[in-house]
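Trainee: The following block contains the structure, expressed as structure tokens.
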Amino acid sequence: MANSIDLSAVNFDTTSFPVLKNDLYLRTARGEETERAPVWCMRQAGRYLPEFRAIRVENEFFKVCRAPALATEVTLQPLRRYEGLLDAAIIFSDILVIPQAMGLEVQMVPGKGPHFPDPLRTPDDLLRLVDRNSGFSVDTELDYVYKALTNTRHALDGQVPLLGFVGAPWTLMAYMIEGGGSKTLALAKTWLFAHRTAAHDLLARVADVAAQFLIGQVRAGAQALQVFESWAGELSPQDFAEFSLPYLALIAERVKAVFPDVPMTVFAKGAHYALEQLATETLFDVISLDWTIDPKTARARVDAALAIRTDVVPRSVVLQGNLDPTILLGDEQTIRERTTEMCQSFGRSGHIANLGHGMMPAHDPERLRVFLETVHRSSAELRR
């Protein structure tokens, strides 16, 4: 399959895009009443798909990210397989393109995941970052992502909206210091408590790059955005309030200042304690939930927080999620039952259906089809 992809067959024209045919995701994210819940999945383009694995046989991970034609092909694969069932596409890229742009080498090691050969170990290592160097440009460093977005927007032909994304500052900082995945994040947390000034400096720098990058993504064709704070749950409420929340708020504020009508989602995995703050102290339109919180409880808490904050401009906050991804390892009847329960828990409006985290390599693609079909049926029935 990879051999049949013409890497030169691309369209980078940002002056005109195809008319959007399915705007269900965008209407829901803006708080409008809709005929059913839109549905998409984090990592919907990924290793569970045999067509994705075929691409990867011949192409290193970051090569796929950096070649617009390949990134477009991979982004479109789930849309083709699940024709008419997905309500959004998310560009194939990676949260770690930001550390790469800032001067760190990142490798994707088969069977291991991301690896930084030379991570940040002490505050002196901040001197190795290039984001404050003369001539540094986020748009130049990450232009390949913009090209992938533009090309994909054209290739979608208005089928569904296209999402862009970034990793959040705390999550990216943790990767940059740990050098990869970690069970304790002890090295990154050492910075929080032993090198607080340096930690805030790094977080602010990452937030600045992330905000610029998101603005550039919209200009390139992204119609909605998501910020992934994947390691939020590794922070206590107190530490989340200091080292994550302000930078999430800053990113949303800066993007909304330029593109106020572009929906933005925050996924602070594991940070249930911060639902109220995310709703009232940031400008995100959508809060994505993992599977460890009851949607009814989350809805009640968010609505209550918005109701009592008289200093906050009246607004609604949509919720996204939150089926446990491992349920897709079960039988079809279990998937139907648990997906129906999920839809009922979120209620008749203000819900974008998704998993509580991303698709997994072990998932059977046909199990995802059951999930998508069930969301369509169950959420539509709720609204009748």
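In the structure tokens, each chain is lettered A, B, ... as it comes, each chain's residues begin at 1, and ligands are numbered from 1 in order of appearance.
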Using DSSP on the backbone, list every residue of region 6-223 of chain A that comes out as helix (DSSP H, G or I), and give them as a PyMOL selection string.

Mentor: chain A and resi 24-29+50-58+61-66+68-81+97-101+123-128+138-141+143-156+169-178+186-194+196-220

Trainee: When you look at Asp331 (chain A) with a cut-off of 12 Å (counting only C-alpha atoms), what residues show up, excluding the ones that are within fewer than 6 positions of it in the same chain? I need them as number ranges by chain.

Mentor: A: 337-338, 363-364, 366-368, 370-371

Trainee: Keeping N, CA, C and O atoms, export the residues of the selection given above as a tab-separated table (two decimals), in the first residue's frame.

Mentor:
chain	number	residue	atom	x	y	z
A	337	GLU	N	-23.83	-2.83	25.22
A	337	GLU	CA	-24.44	-2.48	26.50
A	337	GLU	C	-23.72	-1.34	27.19
A	337	GLU	O	-24.35	-0.37	27.65
A	338	ARG	N	-22.40	-1.42	27.26
A	338	ARG	CA	-21.64	-0.39	27.98
A	338	ARG	C	-21.64	0.93	27.21
A	338	ARG	O	-21.62	2.01	27.83
A	363	HIS	N	-6.63	-3.81	19.81
A	363	HIS	CA	-8.05	-3.72	19.46
A	363	HIS	C	-8.34	-4.35	18.10
A	363	HIS	O	-7.59	-4.17	17.14
A	364	ASP	N	-9.46	-5.06	18.03
A	364	ASP	CA	-9.99	-5.56	16.77
A	364	ASP	C	-10.74	-4.41	16.10
A	364	ASP	O	-11.66	-3.83	16.70
A	366	GLU	N	-13.08	-4.29	14.09
A	366	GLU	CA	-14.53	-4.49	14.01
A	366	GLU	C	-15.21	-4.21	15.34
A	366	GLU	O	-16.41	-3.90	15.38
A	367	ARG	N	-14.48	-4.32	16.43
A	367	ARG	CA	-15.06	-3.95	17.73
A	367	ARG	C	-15.29	-2.43	17.80
A	367	ARG	O	-16.26	-1.98	18.40
A	368	LEU	N	-14.41	-1.68	17.18
A	368	LEU	CA	-14.63	-0.24	17.14
A	368	LEU	C	-15.87	0.08	16.32
A	368	LEU	O	-16.63	0.99	16.66
A	370	VAL	N	-18.55	-1.60	16.18
A	370	VAL	CA	-19.70	-1.82	17.07
A	370	VAL	C	-19.91	-0.60	17.97
A	370	VAL	O	-21.05	-0.14	18.17
A	371	PHE	N	-18.83	-0.08	18.52
A	371	PHE	CA	-18.91	1.11	19.36
A	371	PHE	C	-19.51	2.28	18.58
A	371	PHE	O	-20.44	2.95	19.06

Trainee: From the list A:Val262, A:Val39, A:Val160, A:Met173, which residue is nearest Leu185 (chain A) when using only C-alpha atoms?

Mentor: A:Met173

Trainee: With a distance cut-off of 6 Å and only C-alpha atoms, select the neighbouring residues of region 66-83 of chain A, excluding the residue or stretch itself and same-chain residues fewer than 4 positions from it, and output the selection as a PyMOL selection string.

Mentor: chain A and resi 7+45+91-92+144+147-148+152

Trainee: Which residues are near region 309-318 of chain A? Cut-off 12 Å, only C-alpha atoms, ignore same chain within fewer than 6 positions. Put them as number ranges by chain.

Mentor: A: 25-33, 37-38, 263-266, 275-289, 295, 298-303, 346-353

Trainee: What is the CA of Asn133 (chain A) to CA of Gly167 (chain A) distance in Å?

Mentor: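 Value for the CA of Asn133 (chain A)-CA of Gly167 (chain A) distance: 22.1 Å.
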
Trainee: Can you measure CA of Val145 (chain A) to CA of Phe259 (chain A) for me? One decimal in Å is fine.

Mentor: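 We find that CA of Val145 (chain A) and CA of Phe259 (chain A) lie 18.8 Å from each other.
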
Trainee: When DSSP is applied to the backbone of this structure, which of region 294-340 of chain A are assigned strand (DSSP E)? Write them out as a PyMOL selection string.

Mentor: chain A and resi 318-323
